[in-house]
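A short worksheet on the structure shown next.
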Amino acid sequence: MARTVNGLDALKALAGTDLGASSWLDVTQQRIDTFADATDDHQWIHTDPGRAAAGPFGAPVAHGHLTLSLFIPLFTELLEVEGVRTKVNYGLNKVRFPAPVKAGSRIRLVARLAEVEEVPGGLQITVDGTVEIEGAAKPAAVLQSISRFYA
């Protein structure tokens with residue numbers, strides 16, 4: 001369940017806070033195929049289960065950018081900011097994909113609100129995030145995401 005804050009002052013007060021872990025999300029072959037269709041990236045390692053079974057990971061794997069795109073829905077389970085005019089994704093400082101997400105796996109986000117800075121008209125937050133794979137020793141993604149919230 002998301003922690004909800006109202007307004008920029010309440011958001012600013014959360015700097016340095018561990019936000020916890022989201023619920024687990026299924027990464028199905030259908031989700032992978034839909035992402036492939038949306039991005040025109042149909043590389044066999046993602047979309048051909050038969051060929052991928054004989055490949056380096058023993059199964060089809062999610063696109064790294066699919067895993068990255070799931071950050072937002074997972075993050076909104078951890079923090080909801082109300083009382084602001086708009087919220088925008090501002091960018092990323094760092095992204096790494098230490099382990100592949102095999103089709104049929106489940107992932108979740110563990111996040112920390114690392115930094116909150118004032119910007120003209122609002123606040124910029126930096127979130128340190130780790131996308132974990134259920135039962136895996138290494139995470140699917142380690143990232144630093146930047147968002148802006150405007151009053």
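Letters A, B, ... mark the chains of the structure tokens in the order given; residue numbers begin at 1 per chain; ligand numbers begin at 1, in order shown.
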**Request:** Find the residues near region 114-123 of chain A: any atom within 6 Å, counting only C-alpha atoms, skip ones fewer than 2 places away on the same chain, and give them as a list in words.
**Result:**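 Close residues of region 114-123 of chain A: Lys12, Ala15, Gly16, Arg112, Ile125, Thr126, Val127, Arg148, Phe149, Tyr150 and Ala151 of chain A.
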**Request:** Would you mind writing down, as a PyMOL selection string, each residue of region 11-142 of chain A that DSSP on the backbone assigns to strand (DSSP E or B)?
**Result:** chain A and resi 18-21+25-27+61+79-82+86-96+102+105-119+122-133+141-142
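The nearest approach to Ser22 (chain A) among the residues A:Gln144, A:Ser69, A:Thr130, A:Thr4, with only C-alpha atoms taken into account, belongs to A:Thr130.
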**Request:** Using only C-alpha atoms, pick whichever of A:Ile146, A:Ile45, A:Ala38, A:Leu8 has the shortest atom-to-atom distance to Ile72 (chain A).
**Result:**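 Among the listed residues, A:Ile146 lies closest to Ile72 (chain A).
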**Prompt:** Can you list, as a list in words, every protein, DNA or RNA residue that comes within 9 Å of Met1 (chain A) when you count only C-alpha atoms, leaving out same-chain residues fewer than 5 positions away?
**Reply:**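 Listed by chain and then number, they are Ser22, Ser23, Glu77, Leu78 and Leu79 of chain A.
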**Message:** If you run DSSP on the backbone here, which positions in region 8-141 of chain A get helix (DSSP H, G or I)? Please write them as a PyMOL selection string.
**Reply:** chain A and resi 8-12+29-39+44-47+49-53+64-69+71-76
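Among A:Gln124, A:Ser145, A:Thr39, A:Asn6, the residue with the shortest atom-to-atom distance to Arg96 (chain A), counting only C-alpha atoms, is A:Ser145.
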**Prompt:** Looking at only C-alpha atoms, which of A:Pro73, A:Gly20, A:Pro98, A:Gly58 is the one that sits closest to Ala136 (chain A)?
**Reply:**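 For Ala136 (chain A), the nearest of the given residues is A:Pro98.
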**Complete:** Counting only C-alpha atoms, closest pick from A:Ile133, A:Val5, A:Ile32, A:Leu14 relative to Ala62 (chain A) is A:Ile32
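For Gln30 (chain A), the non-local neighbours within 12 Å, defined as residues at least 6 positions apart in the same chain or in other chains and counting only C-alpha atoms, are A:Ala36, A:Asp37, A:His46, A:Thr47, A:Asp48, A:Pro49, A:Pro60, A:Val61, A:Ala62, A:Ala103, A:Gly104.
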Just-selected residues, N, CA and C atoms written as an mmCIF file, in the first residue's frame:
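Listed below is the output, again11.cif:
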```
data_model
loop_
_atom_site.group_PDB
_atom_site.id
_atom_site.type_symbol
_atom_site.label_atom_id
_atom_site.label_comp_id
_atom_site.auth_asym_id
_atom_site.auth_seq_id
_atom_site.Cartn_x
_atom_site.Cartn_y
_atom_site.Cartn_z
ATOM 1 N N ALA A 36 7.415 -6.097 -27.090
ATOM 2 C CA ALA A 36 8.111 -6.266 -28.368
ATOM 3 C C ALA A 36 7.316 -5.634 -29.501
ATOM 4 N N ASP A 37 6.001 -5.829 -29.501
ATOM 5 C CA ASP A 37 5.147 -5.226 -30.529
ATOM 6 C C ASP A 37 5.169 -3.705 -30.443
ATOM 7 N N HIS A 46 13.761 -12.735 -26.755
ATOM 8 C CA HIS A 46 12.575 -12.264 -26.038
ATOM 9 C C HIS A 46 11.302 -12.972 -26.498
ATOM 10 N N THR A 47 11.191 -13.232 -27.798
ATOM 11 C CA THR A 47 9.887 -13.594 -28.366
ATOM 12 C C THR A 47 9.775 -15.003 -28.943
ATOM 13 N N ASP A 48 10.841 -15.761 -28.957
ATOM 14 C CA ASP A 48 10.796 -17.119 -29.509
ATOM 15 C C ASP A 48 11.130 -18.118 -28.403
ATOM 16 N N PRO A 49 10.116 -18.584 -27.670
ATOM 17 C CA PRO A 49 10.381 -19.470 -26.534
ATOM 18 C C PRO A 49 11.180 -20.721 -26.889
ATOM 19 N N PRO A 60 12.992 -17.501 -22.641
ATOM 20 C CA PRO A 60 12.878 -16.122 -23.111
ATOM 21 C C PRO A 60 13.043 -15.164 -21.922
ATOM 22 N N VAL A 61 13.604 -14.002 -22.210
ATOM 23 C CA VAL A 61 13.804 -13.001 -21.156
ATOM 24 C C VAL A 61 13.164 -11.683 -21.568
ATOM 25 N N ALA A 62 12.773 -10.926 -20.553
ATOM 26 C CA ALA A 62 12.191 -9.609 -20.784
ATOM 27 C C ALA A 62 13.249 -8.659 -21.310
ATOM 28 N N ALA A 103 10.825 -15.080 -18.668
ATOM 29 C CA ALA A 103 9.364 -15.119 -18.792
ATOM 30 C C ALA A 103 8.806 -16.021 -17.703
ATOM 31 N N GLY A 104 7.757 -15.551 -17.046
ATOM 32 C CA GLY A 104 7.152 -16.306 -15.952
ATOM 33 C C GLY A 104 7.669 -15.922 -14.584
#
```
**Item:** Between CA of Ala2 (chain A) and CA of His63 (chain A), distance in Å (one decimal)
**Value:**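 The value is 26.8 Å.
Comparing the minimum interatomic distances between Ser147 (chain A) and each of A:Pro56, A:Gly64, A:Gly83, A:Gly91, counting only C-alpha atoms, we find that A:Gly91 sits nearest.
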**Message:** Residues within 10 Å of Trp24 (chain A), please, as a ChimeraX atom specification. Count only C-alpha atoms; anything in the same chain fewer than 3 positions from it doesn't count.
**Reply:** /A:21,27,74,105-109,132-134
